[in-house]
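Data from upload_0.pdb: PDB, C-alpha atoms and all ligand atoms
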ATOM      1  CA  MET A   1     123.994  -6.667 235.731  1.00  0.00           C
ATOM      2  CA  ALA A   2     127.649  -7.107 236.419  1.00  0.00           C
ATOM      3  CA  ILE A   3     130.979  -6.722 234.760  1.00  0.00           C
ATOM      4  CA  LEU A   4     132.567 -10.155 234.576  1.00  0.00           C
ATOM      5  CA  LYS A   5     136.216 -10.995 235.017  1.00  0.00           C
ATOM      6  CA  ILE A   6     137.957 -11.788 231.730  1.00  0.00           C
ATOM      7  CA  ALA A   7     140.167 -14.885 231.610  1.00  0.00           C
ATOM      8  CA  ARG A   8     143.612 -14.354 230.150  1.00  0.00           C
ATOM      9  CA  MET A   9     145.774 -16.640 228.018  1.00  0.00           C
ATOM     10  CA  GLY A  10     147.038 -19.422 230.237  1.00  0.00           C
ATOM     11  CA  HIS A  11     143.770 -19.978 232.097  1.00  0.00           C
ATOM     12  CA  PRO A  12     142.535 -23.532 231.392  1.00  0.00           C
ATOM     13  CA  VAL A  13     138.985 -22.376 230.565  1.00  0.00           C
ATOM     14  CA  LEU A  14     140.356 -20.804 227.381  1.00  0.00           C
ATOM     15  CA  ARG A  15     141.796 -24.110 226.168  1.00  0.00           C
ATOM     16  CA  GLN A  16     138.855 -26.429 226.670  1.00  0.00           C
ATOM     17  CA  ARG A  17     136.047 -27.238 224.283  1.00  0.00           C
ATOM     18  CA  ALA A  18     132.921 -25.444 225.457  1.00  0.00           C
ATOM     19  CA  GLU A  19     129.629 -27.295 225.963  1.00  0.00           C
ATOM     20  CA  PRO A  20     126.505 -26.672 223.868  1.00  0.00           C
ATOM     21  CA  VAL A  21     123.832 -24.473 225.432  1.00  0.00           C
ATOM     22  CA  ALA A  22     120.676 -26.503 226.118  1.00  0.00           C
ATOM     23  CA  ASP A  23     117.320 -25.267 224.892  1.00  0.00           C
ATOM     24  CA  PRO A  24     117.956 -21.517 225.228  1.00  0.00           C
ATOM     25  CA  ALA A  25     114.353 -20.378 224.947  1.00  0.00           C
ATOM     26  CA  SER A  26     112.845 -22.653 227.583  1.00  0.00           C
ATOM     27  CA  GLU A  27     112.382 -21.815 231.242  1.00  0.00           C
ATOM     28  CA  PRO A  28     114.281 -21.840 233.506  1.00  0.00           C
ATOM     29  CA  ASN A  29     117.198 -21.749 231.051  1.00  0.00           C
ATOM     30  CA  ALA A  30     115.982 -18.573 229.381  1.00  0.00           C
ATOM     31  CA  ALA A  31     116.004 -16.449 232.537  1.00  0.00           C
ATOM     32  CA  ALA A  32     119.504 -17.481 233.606  1.00  0.00           C
ATOM     33  CA  LEU A  33     120.780 -17.177 230.066  1.00  0.00           C
ATOM     34  CA  GLY A  34     119.262 -13.719 229.703  1.00  0.00           C
ATOM     35  CA  ARG A  35     121.036 -12.522 232.828  1.00  0.00           C
ATOM     36  CA  PHE A  36     124.332 -14.002 231.697  1.00  0.00           C
ATOM     37  CA  ILE A  37     124.045 -12.433 228.241  1.00  0.00           C
ATOM     38  CA  ALA A  38     123.291  -9.046 229.802  1.00  0.00           C
ATOM     39  CA  ASP A  39     126.444  -9.402 231.891  1.00  0.00           C
ATOM     40  CA  MET A  40     128.473 -10.368 228.812  1.00  0.00           C
ATOM     41  CA  VAL A  41     127.205  -7.319 226.938  1.00  0.00           C
ATOM     42  CA  GLU A  42     128.076  -5.045 229.841  1.00  0.00           C
ATOM     43  CA  THR A  43     131.520  -6.658 230.127  1.00  0.00           C
ATOM     44  CA  LEU A  44     132.180  -6.218 226.405  1.00  0.00           C
ATOM     45  CA  GLU A  45     131.130  -2.571 226.500  1.00  0.00           C
ATOM     46  CA  ASP A  46     133.264  -1.923 229.567  1.00  0.00           C
ATOM     47  CA  ALA A  47     136.301  -3.531 227.929  1.00  0.00           C
ATOM     48  CA  GLY A  48     135.794  -1.630 224.688  1.00  0.00           C
ATOM     49  CA  GLY A  49     135.894  -4.772 222.565  1.00  0.00           C
ATOM     50  CA  ILE A  50     133.868  -5.854 219.557  1.00  0.00           C
ATOM     51  CA  GLY A  51     133.356  -9.489 220.499  1.00  0.00           C
ATOM     52  CA  LEU A  52     133.329 -11.805 223.486  1.00  0.00           C
ATOM     53  CA  ALA A  53     132.936 -15.549 223.905  1.00  0.00           C
ATOM     54  CA  ALA A  54     131.528 -17.134 227.076  1.00  0.00           C
ATOM     55  CA  PRO A  55     134.765 -19.015 227.914  1.00  0.00           C
ATOM     56  CA  GLN A  56     136.490 -15.626 228.124  1.00  0.00           C
ATOM     57  CA  VAL A  57     134.371 -14.921 231.200  1.00  0.00           C
ATOM     58  CA  HIS A  58     135.046 -18.371 232.677  1.00  0.00           C
ATOM     59  CA  VAL A  59     131.848 -20.005 231.404  1.00  0.00           C
ATOM     60  CA  PRO A  60     132.587 -22.976 229.101  1.00  0.00           C
ATOM     61  CA  ALA A  61     129.407 -22.639 227.022  1.00  0.00           C
ATOM     62  CA  ARG A  62     128.980 -22.263 223.264  1.00  0.00           C
ATOM     63  CA  LEU A  63     127.834 -18.652 223.184  1.00  0.00           C
ATOM     64  CA  VAL A  64     129.428 -15.611 221.545  1.00  0.00           C
ATOM     65  CA  ILE A  65     128.442 -11.963 221.217  1.00  0.00           C
ATOM     66  CA  PHE A  66     129.867  -9.503 218.721  1.00  0.00           C
ATOM     67  CA  THR A  67     129.125  -6.310 216.857  1.00  0.00           C
ATOM     68  CA  PRO A  68     129.622  -6.812 213.126  1.00  0.00           C
ATOM     69  CA  PRO A  69     131.542  -3.836 211.757  1.00  0.00           C
ATOM     70  CA  PRO A  70     129.271  -1.554 209.712  1.00  0.00           C
ATOM     71  CA  ASP A  71     131.494  -1.465 206.644  1.00  0.00           C
ATOM     72  CA  ASP A  72     131.281  -5.208 206.076  1.00  0.00           C
ATOM     73  CA  ALA A  73     127.592  -5.625 205.555  1.00  0.00           C
ATOM     74  CA  ALA A  74     126.173  -9.006 206.324  1.00  0.00           C
ATOM     75  CA  GLU A  75     124.005 -10.803 203.866  1.00  0.00           C
ATOM     76  CA  ASP A  76     121.279 -11.786 206.247  1.00  0.00           C
ATOM     77  CA  SER A  77     118.726 -14.437 205.504  1.00  0.00           C
ATOM     78  CA  THR A  78     116.860 -14.303 208.781  1.00  0.00           C
ATOM     79  CA  GLU A  79     113.912 -12.283 209.958  1.00  0.00           C
ATOM     80  CA  ASP A  80     116.030  -9.722 211.718  1.00  0.00           C
ATOM     81  CA  ALA A  81     117.504  -8.738 208.360  1.00  0.00           C
ATOM     82  CA  GLU A  82     114.333  -6.792 207.789  1.00  0.00           C
ATOM     83  CA  GLU A  83     114.719  -5.070 211.112  1.00  0.00           C
ATOM     84  CA  ALA A  84     118.317  -4.216 210.271  1.00  0.00           C
ATOM     85  CA  ASP A  85     117.163  -2.653 207.007  1.00  0.00           C
ATOM     86  CA  GLY A  86     115.135  -0.181 209.001  1.00  0.00           C
ATOM     87  CA  GLU A  87     118.136   1.050 210.950  1.00  0.00           C
ATOM     88  CA  ALA A  88     120.348   3.957 210.114  1.00  0.00           C
ATOM     89  CA  PRO A  89     123.060   3.147 207.577  1.00  0.00           C
ATOM     90  CA  GLY A  90     126.155   1.932 209.336  1.00  0.00           C
ATOM     91  CA  ALA A  91     124.301   0.686 212.372  1.00  0.00           C
ATOM     92  CA  ALA A  92     125.887  -2.488 213.647  1.00  0.00           C
ATOM     93  CA  PRO A  93     123.517  -4.422 215.852  1.00  0.00           C
ATOM     94  CA  LEU A  94     124.958  -6.603 218.548  1.00  0.00           C
ATOM     95  CA  THR A  95     124.672 -10.236 217.563  1.00  0.00           C
ATOM     96  CA  ILE A  96     124.171 -12.952 220.156  1.00  0.00           C
ATOM     97  CA  LEU A  97     124.871 -16.390 218.785  1.00  0.00           C
ATOM     98  CA  ILE A  98     124.227 -19.622 220.673  1.00  0.00           C
ATOM     99  CA  ASN A  99     125.740 -22.928 219.533  1.00  0.00           C
ATOM    100  CA  PRO A 100     127.243 -21.283 216.422  1.00  0.00           C
ATOM    101  CA  GLU A 101     128.528 -23.162 213.398  1.00  0.00           C
ATOM    102  CA  ILE A 102     130.745 -21.827 210.635  1.00  0.00           C
ATOM    103  CA  GLU A 103     130.951 -23.014 207.059  1.00  0.00           C
ATOM    104  CA  PRO A 104     133.813 -21.596 204.948  1.00  0.00           C
ATOM    105  CA  LEU A 105     132.747 -20.443 201.482  1.00  0.00           C
ATOM    106  CA  GLY A 106     135.521 -21.304 199.089  1.00  0.00           C
ATOM    107  CA  GLU A 107     139.201 -21.820 199.722  1.00  0.00           C
ATOM    108  CA  ASP A 108     140.270 -18.173 199.964  1.00  0.00           C
ATOM    109  CA  GLN A 109     141.997 -16.997 203.096  1.00  0.00           C
ATOM    110  CA  GLU A 110     143.348 -13.590 203.975  1.00  0.00           C
ATOM    111  CA  LEU A 111     145.678 -12.180 206.583  1.00  0.00           C
ATOM    112  CA  GLY A 112     144.488  -9.553 209.016  1.00  0.00           C
ATOM    113  CA  TRP A 113     145.432  -8.094 212.365  1.00  0.00           C
ATOM    114  CA  GLU A 114     143.651  -9.267 215.473  1.00  0.00           C
ATOM    115  CA  GLY A 115     143.678  -8.541 219.139  1.00  0.00           C
ATOM    116  CA  CYS A 116     141.906 -10.331 221.961  1.00  0.00           C
ATOM    117  CA  LEU A 117     140.650  -9.278 225.366  1.00  0.00           C
ATOM    118  CA  SER A 118     142.178 -12.506 226.709  1.00  0.00           C
ATOM    119  CA  VAL A 119     145.577 -11.660 225.177  1.00  0.00           C
ATOM    120  CA  PRO A 120     145.829  -8.039 226.298  1.00  0.00           C
ATOM    121  CA  GLY A 121     148.430  -5.706 224.887  1.00  0.00           C
ATOM    122  CA  LEU A 122     149.248  -7.782 221.807  1.00  0.00           C
ATOM    123  CA  ARG A 123     148.239  -7.954 218.160  1.00  0.00           C
ATOM    124  CA  GLY A 124     148.952 -10.573 215.573  1.00  0.00           C
ATOM    125  CA  LEU A 125     148.575 -11.206 211.866  1.00  0.00           C
ATOM    126  CA  VAL A 126     146.197 -14.148 211.450  1.00  0.00           C
ATOM    127  CA  PRO A 127     144.926 -16.024 208.365  1.00  0.00           C
ATOM    128  CA  ARG A 128     141.146 -16.495 208.199  1.00  0.00           C
ATOM    129  CA  HIS A 129     138.619 -17.635 205.635  1.00  0.00           C
ATOM    130  CA  SER A 130     137.640 -14.674 203.463  1.00  0.00           C
ATOM    131  CA  ALA A 131     133.992 -15.661 203.224  1.00  0.00           C
ATOM    132  CA  ILE A 132     131.839 -17.793 205.488  1.00  0.00           C
ATOM    133  CA  ARG A 133     128.289 -18.646 206.341  1.00  0.00           C
ATOM    134  CA  TYR A 134     127.468 -18.868 209.987  1.00  0.00           C
ATOM    135  CA  ARG A 135     124.418 -19.985 211.846  1.00  0.00           C
ATOM    136  CA  GLY A 136     123.311 -20.344 215.417  1.00  0.00           C
ATOM    137  CA  LEU A 137     120.415 -19.597 217.706  1.00  0.00           C
ATOM    138  CA  ALA A 138     119.288 -16.234 219.028  1.00  0.00           C
ATOM    139  CA  PRO A 139     118.351 -16.142 222.728  1.00  0.00           C
ATOM    140  CA  ASP A 140     114.663 -16.573 221.798  1.00  0.00           C
ATOM    141  CA  GLY A 141     115.540 -19.836 220.065  1.00  0.00           C
ATOM    142  CA  SER A 142     115.101 -18.498 216.526  1.00  0.00           C
ATOM    143  CA  LEU A 143     117.649 -19.342 213.867  1.00  0.00           C
ATOM    144  CA  VAL A 144     120.245 -16.770 212.862  1.00  0.00           C
ATOM    145  CA  GLU A 145     121.951 -17.478 209.537  1.00  0.00           C
ATOM    146  CA  ARG A 146     124.180 -15.077 207.649  1.00  0.00           C
ATOM    147  CA  GLY A 147     126.878 -14.801 205.083  1.00  0.00           C
ATOM    148  CA  ALA A 148     129.881 -12.678 206.004  1.00  0.00           C
ATOM    149  CA  THR A 149     133.098 -11.544 204.390  1.00  0.00           C
ATOM    150  CA  GLY A 150     136.168  -9.583 205.379  1.00  0.00           C
ATOM    151  CA  TYR A 151     136.403  -8.269 208.890  1.00  0.00           C
ATOM    152  CA  HIS A 152     132.921  -9.458 209.820  1.00  0.00           C
ATOM    153  CA  ALA A 153     133.905 -13.004 208.850  1.00  0.00           C
ATOM    154  CA  ARG A 154     137.168 -12.613 210.769  1.00  0.00           C
ATOM    155  CA  VAL A 155     135.439 -11.555 213.983  1.00  0.00           C
ATOM    156  CA  VAL A 156     133.040 -14.506 213.847  1.00  0.00           C
ATOM    157  CA  GLN A 157     135.878 -16.978 213.225  1.00  0.00           C
ATOM    158  CA  HIS A 158     137.900 -15.484 216.082  1.00  0.00           C
ATOM    159  CA  GLU A 159     134.994 -15.688 218.531  1.00  0.00           C
ATOM    160  CA  CYS A 160     133.986 -19.205 217.550  1.00  0.00           C
ATOM    161  CA  ASP A 161     137.592 -20.368 217.923  1.00  0.00           C
ATOM    162  CA  HIS A 162     137.269 -19.493 221.614  1.00  0.00           C
ATOM    163  CA  LEU A 163     134.584 -22.198 221.884  1.00  0.00           C
ATOM    164  CA  ASP A 164     137.094 -24.802 220.741  1.00  0.00           C
ATOM    165  CA  GLY A 165     139.919 -23.668 222.992  1.00  0.00           C
ATOM    166  CA  VAL A 166     141.791 -21.824 220.240  1.00  0.00           C
ATOM    167  CA  LEU A 167     143.382 -18.406 220.742  1.00  0.00           C
ATOM    168  CA  TYR A 168     144.475 -16.376 217.741  1.00  0.00           C
ATOM    169  CA  PRO A 169     148.258 -16.783 218.325  1.00  0.00           C
ATOM    170  CA  MET A 170     147.694 -20.527 217.804  1.00  0.00           C
ATOM    171  CA  ARG A 171     146.530 -19.718 214.249  1.00  0.00           C
ATOM    172  CA  MET A 172     149.565 -17.633 213.369  1.00  0.00           C
ATOM    173  CA  PRO A 173     152.036 -19.090 210.844  1.00  0.00           C
ATOM    174  CA  ASP A 174     154.605 -16.352 211.546  1.00  0.00           C
ATOM    175  CA  LEU A 175     155.157 -15.331 215.159  1.00  0.00           C
ATOM    176  CA  SER A 176     157.382 -12.453 214.049  1.00  0.00           C
ATOM    177  CA  GLN A 177     154.023 -10.810 213.340  1.00  0.00           C
ATOM    178  CA  LEU A 178     152.975 -10.972 217.000  1.00  0.00           C
ATOM    179  CA  VAL A 179     153.621  -7.479 218.372  1.00  0.00           C
ATOM    180  CA  PHE A 180     152.773  -5.257 221.288  1.00  0.00           C
ATOM    181  CA  GLU A 181     149.983  -2.780 220.593  1.00  0.00           C
ATOM    182  CA  SER A 182     152.312  -0.011 221.675  1.00  0.00           C
ATOM    183  CA  GLU A 183     154.702  -0.947 218.844  1.00  0.00           C
ATOM    184  CA  TRP A 184     152.010  -1.657 216.259  1.00  0.00           C
ATOM    185  CA  ARG A 185     152.309   1.816 214.689  1.00  0.00           C
ATOM    186  CA  HIS A 186     155.720   0.677 213.396  1.00  0.00           C
ATOM    187  CA  VAL A 187     154.026  -2.189 211.573  1.00  0.00           C
ATOM    188  CA  VAL A 188     151.461   0.170 210.042  1.00  0.00           C
ATOM    189  CA  ALA A 189     154.188   2.613 208.983  1.00  0.00           C
ATOM    190  CA  ALA A 190     156.252  -0.159 207.403  1.00  0.00           C
ATOM    191  CA  ALA A 191     153.232  -1.467 205.476  1.00  0.00           C
ATOM    192  CA  ARG A 192     152.463   2.047 204.238  1.00  0.00           C
ATOM    193  CA  ASP A 193     156.046   2.558 203.073  1.00  0.00           C
ATOM    194  CA  GLU A 194     155.957  -0.763 201.305  1.00  0.00           C
ATOM    195  CA  ALA A 195     152.741   0.169 199.522  1.00  0.00           C
ATOM    196  CA  GLN A 196     154.112   3.567 198.492  1.00  0.00           C
ATOM    197  CA  ASP A 197     157.286   1.973 197.162  1.00  0.00           C
ATOM    198  CA  GLY A 198     155.127  -0.088 194.853  1.00  0.00           C
ATOM    199  CA  GLY A 199     156.044  -3.149 196.786  1.00  0.00           C
ATOM    200  CA  GLN A 200     153.929  -6.200 196.715  1.00  0.00           C
ATOM    201  CA  GLU A 201     150.321  -5.564 197.411  1.00  0.00           C
ATOM    202  CA  ASN A 202     149.658  -6.471 200.971  1.00  0.00           C
ATOM    203  CA  ASP A 203     146.458  -8.119 201.958  1.00  0.00           C
ATOM    204  CA  ARG A 204     146.688  -7.184 205.574  1.00  0.00           C
ATOM    205  CA  GLN A 205     143.121  -6.253 205.863  1.00  0.00           C
ATOM    206  CA  GLY A 206     142.092  -4.756 209.116  1.00  0.00           C
ATOM    207  CA  GLU A 207     145.087  -2.501 209.542  1.00  0.00           C
ATOM    208  CA  GLY A 208     144.186   0.654 211.287  1.00  0.00           C
ATOM    209  CA  ARG A 209     141.322  -0.900 213.130  1.00  0.00           C
ATOM    210  CA  ASP A 210     141.323  -0.771 216.854  1.00  0.00           C
ATOM    211  CA  ALA A 211     139.642  -4.037 217.478  1.00  0.00           C
ATOM    212  CA  GLN A 212     139.685  -6.507 220.310  1.00  0.00           C
ATOM    213  CA  PRO A 213     137.629  -9.497 219.294  1.00  0.00           C
TER
HETATM  214 NI    NI B   1     139.381 -13.182 221.619  1.00  0.00          NI
END
Translate the structure described by the file into structure tokens.
Amino acid sequence: MAILKIARMGHPVLRQRAEPVADPASEPNAAALGRFIADMVETLEDAGGIGLAAPQVHVPARLVIFTPPPDDAAEDSTEDAEEADGEAPGAAPLTILINPEIEPLGEDQELGWEGCLSVPGLRGLVPRHSAIRYRGLAPDGSLVERGATGYHARVVQHECDHLDGVLYPMRMPDLSQLVFESEWRHVVAAARDEAQDGGQENDRQGEGRDAQP
């Protein structure tokens, strides 16, 4: 296994549309893919992130990995839902998704803070669909299909954007909400003051999370 180099904003691989992964479960694809996925997992763990897309490690393929946050339970309609039921509450299994597709459920969007391993040191307030269904293939070729809301849905949308050459700042309607991580505590403090003053309810879900999708 190896820790892979992470591409940063400005590298062309992050702006191109990634290619579908061919027949993941068949040899010899499966062996090479298995090694690559192991390297992605190690890279994600080393970086301390919660999600990683293949283009972020300079491979323009439609493959993402992420750890759904435990407090946004997925509604899982695949076989591994039963396995997940057997795990300790709060366990968040790593999901590997090949050739993923996202379907928004309804029109609702919500703002939330995001970071990105390819945009180090920054955070931004990004609108995302509140509820989605997503589907893709597991490395063994089986279908993964889930519903997701909240932060789980946000992470999946962020990762899949990487496959279409989209980085989260490109989704931001208000670049005044793009801040350095080191200054982010000011944003949190201001939002807290606003809430205490009975100001307008903010829907900045995800505040307080230390996430790097
Ligand atoms: Ni990212």
What do you get, as a PDB file with C-alpha atoms, in the coordinates of the input, if you spell out every residue that the PyMOL selection byres (((not hetatm)) within 12 of (chain B and resi 1)) selects here?
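File produced: result_30.pdb:
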ATOM      1  CA  ILE A   6     137.957 -11.788 231.730  1.00  0.00           C
ATOM      2  CA  ALA A   7     140.167 -14.885 231.610  1.00  0.00           C
ATOM      3  CA  ARG A   8     143.612 -14.354 230.150  1.00  0.00           C
ATOM      4  CA  MET A   9     145.774 -16.640 228.018  1.00  0.00           C
ATOM      5  CA  LEU A  14     140.356 -20.804 227.381  1.00  0.00           C
ATOM      6  CA  LEU A  44     132.180  -6.218 226.405  1.00  0.00           C
ATOM      7  CA  ALA A  47     136.301  -3.531 227.929  1.00  0.00           C
ATOM      8  CA  GLY A  49     135.894  -4.772 222.565  1.00  0.00           C
ATOM      9  CA  ILE A  50     133.868  -5.854 219.557  1.00  0.00           C
ATOM     10  CA  GLY A  51     133.356  -9.489 220.499  1.00  0.00           C
ATOM     11  CA  LEU A  52     133.329 -11.805 223.486  1.00  0.00           C
ATOM     12  CA  ALA A  53     132.936 -15.549 223.905  1.00  0.00           C
ATOM     13  CA  ALA A  54     131.528 -17.134 227.076  1.00  0.00           C
ATOM     14  CA  PRO A  55     134.765 -19.015 227.914  1.00  0.00           C
ATOM     15  CA  GLN A  56     136.490 -15.626 228.124  1.00  0.00           C
ATOM     16  CA  VAL A  57     134.371 -14.921 231.200  1.00  0.00           C
ATOM     17  CA  VAL A  64     129.428 -15.611 221.545  1.00  0.00           C
ATOM     18  CA  ILE A  65     128.442 -11.963 221.217  1.00  0.00           C
ATOM     19  CA  PHE A  66     129.867  -9.503 218.721  1.00  0.00           C
ATOM     20  CA  GLU A 114     143.651  -9.267 215.473  1.00  0.00           C
ATOM     21  CA  GLY A 115     143.678  -8.541 219.139  1.00  0.00           C
ATOM     22  CA  CYS A 116     141.906 -10.331 221.961  1.00  0.00           C
ATOM     23  CA  LEU A 117     140.650  -9.278 225.366  1.00  0.00           C
ATOM     24  CA  SER A 118     142.178 -12.506 226.709  1.00  0.00           C
ATOM     25  CA  VAL A 119     145.577 -11.660 225.177  1.00  0.00           C
ATOM     26  CA  PRO A 120     145.829  -8.039 226.298  1.00  0.00           C
ATOM     27  CA  LEU A 122     149.248  -7.782 221.807  1.00  0.00           C
ATOM     28  CA  ARG A 123     148.239  -7.954 218.160  1.00  0.00           C
ATOM     29  CA  GLY A 124     148.952 -10.573 215.573  1.00  0.00           C
ATOM     30  CA  ARG A 154     137.168 -12.613 210.769  1.00  0.00           C
ATOM     31  CA  VAL A 155     135.439 -11.555 213.983  1.00  0.00           C
ATOM     32  CA  VAL A 156     133.040 -14.506 213.847  1.00  0.00           C
ATOM     33  CA  GLN A 157     135.878 -16.978 213.225  1.00  0.00           C
ATOM     34  CA  HIS A 158     137.900 -15.484 216.082  1.00  0.00           C
ATOM     35  CA  GLU A 159     134.994 -15.688 218.531  1.00  0.00           C
ATOM     36  CA  CYS A 160     133.986 -19.205 217.550  1.00  0.00           C
ATOM     37  CA  ASP A 161     137.592 -20.368 217.923  1.00  0.00           C
ATOM     38  CA  HIS A 162     137.269 -19.493 221.614  1.00  0.00           C
ATOM     39  CA  LEU A 163     134.584 -22.198 221.884  1.00  0.00           C
ATOM     40  CA  ASP A 164     137.094 -24.802 220.741  1.00  0.00           C
ATOM     41  CA  GLY A 165     139.919 -23.668 222.992  1.00  0.00           C
ATOM     42  CA  VAL A 166     141.791 -21.824 220.240  1.00  0.00           C
ATOM     43  CA  LEU A 167     143.382 -18.406 220.742  1.00  0.00           C
ATOM     44  CA  TYR A 168     144.475 -16.376 217.741  1.00  0.00           C
ATOM     45  CA  PRO A 169     148.258 -16.783 218.325  1.00  0.00           C
ATOM     46  CA  MET A 170     147.694 -20.527 217.804  1.00  0.00           C
ATOM     47  CA  ALA A 211     139.642  -4.037 217.478  1.00  0.00           C
ATOM     48  CA  GLN A 212     139.685  -6.507 220.310  1.00  0.00           C
ATOM     49  CA  PRO A 213     137.629  -9.497 219.294  1.00  0.00           C
TER      50      PRO A 213
END
By how many Å are atom CA of Ala61 of chain A and atom CA of Leu94 of chain A apart? 18.7 Å
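Between atom CA of Val21 of chain A and atom CA of Arg62 of chain A the interatomic distance comes to 6.0 Å.
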Give as a PyMOL selection string the residues that the PyMOL selection byres (((chain A and resi 135-139) around 8) and not hetatm) matches when applied to the coordinates above. chain A and resi 24-25+30+33-34+96-102+133-134+140-146
For atom CA of Leu111 of chain A and atom CA of Gln177 of chain A, determine how far apart the two atoms are, in Å to one decimal place.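 Pair atom CA of Leu111 of chain A / atom CA of Gln177 of chain A returns 10.8 Å.
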Which residue gives the smallest distance to Ser176 of chain A among A:Ala131, A:Ala153, A:Val126, A:Ala189, with only C-alpha atoms counted?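 Nearest to Ser176 of chain A: A:Val126.
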From A:Ala190, A:Leu4, A:Leu125, A:Ala38, residue lying nearest Leu178 of chain A [all atoms listed in the file]: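 Using all atoms listed in the file, Leu178 of chain A sits closest to A:Leu125.
Between Phe180 of chain A and the residues A:Asp46, A:Arg35, A:Trp113, A:Asp193, the shortest atom-to-atom distance, using only C-alpha atoms, involves A:Trp113.
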Nearest-residue call for Thr43 of chain A, choices A:Pro127, A:Ala2, A:Arg185, A:Gly121, using only C-alpha atoms: A:Ala2
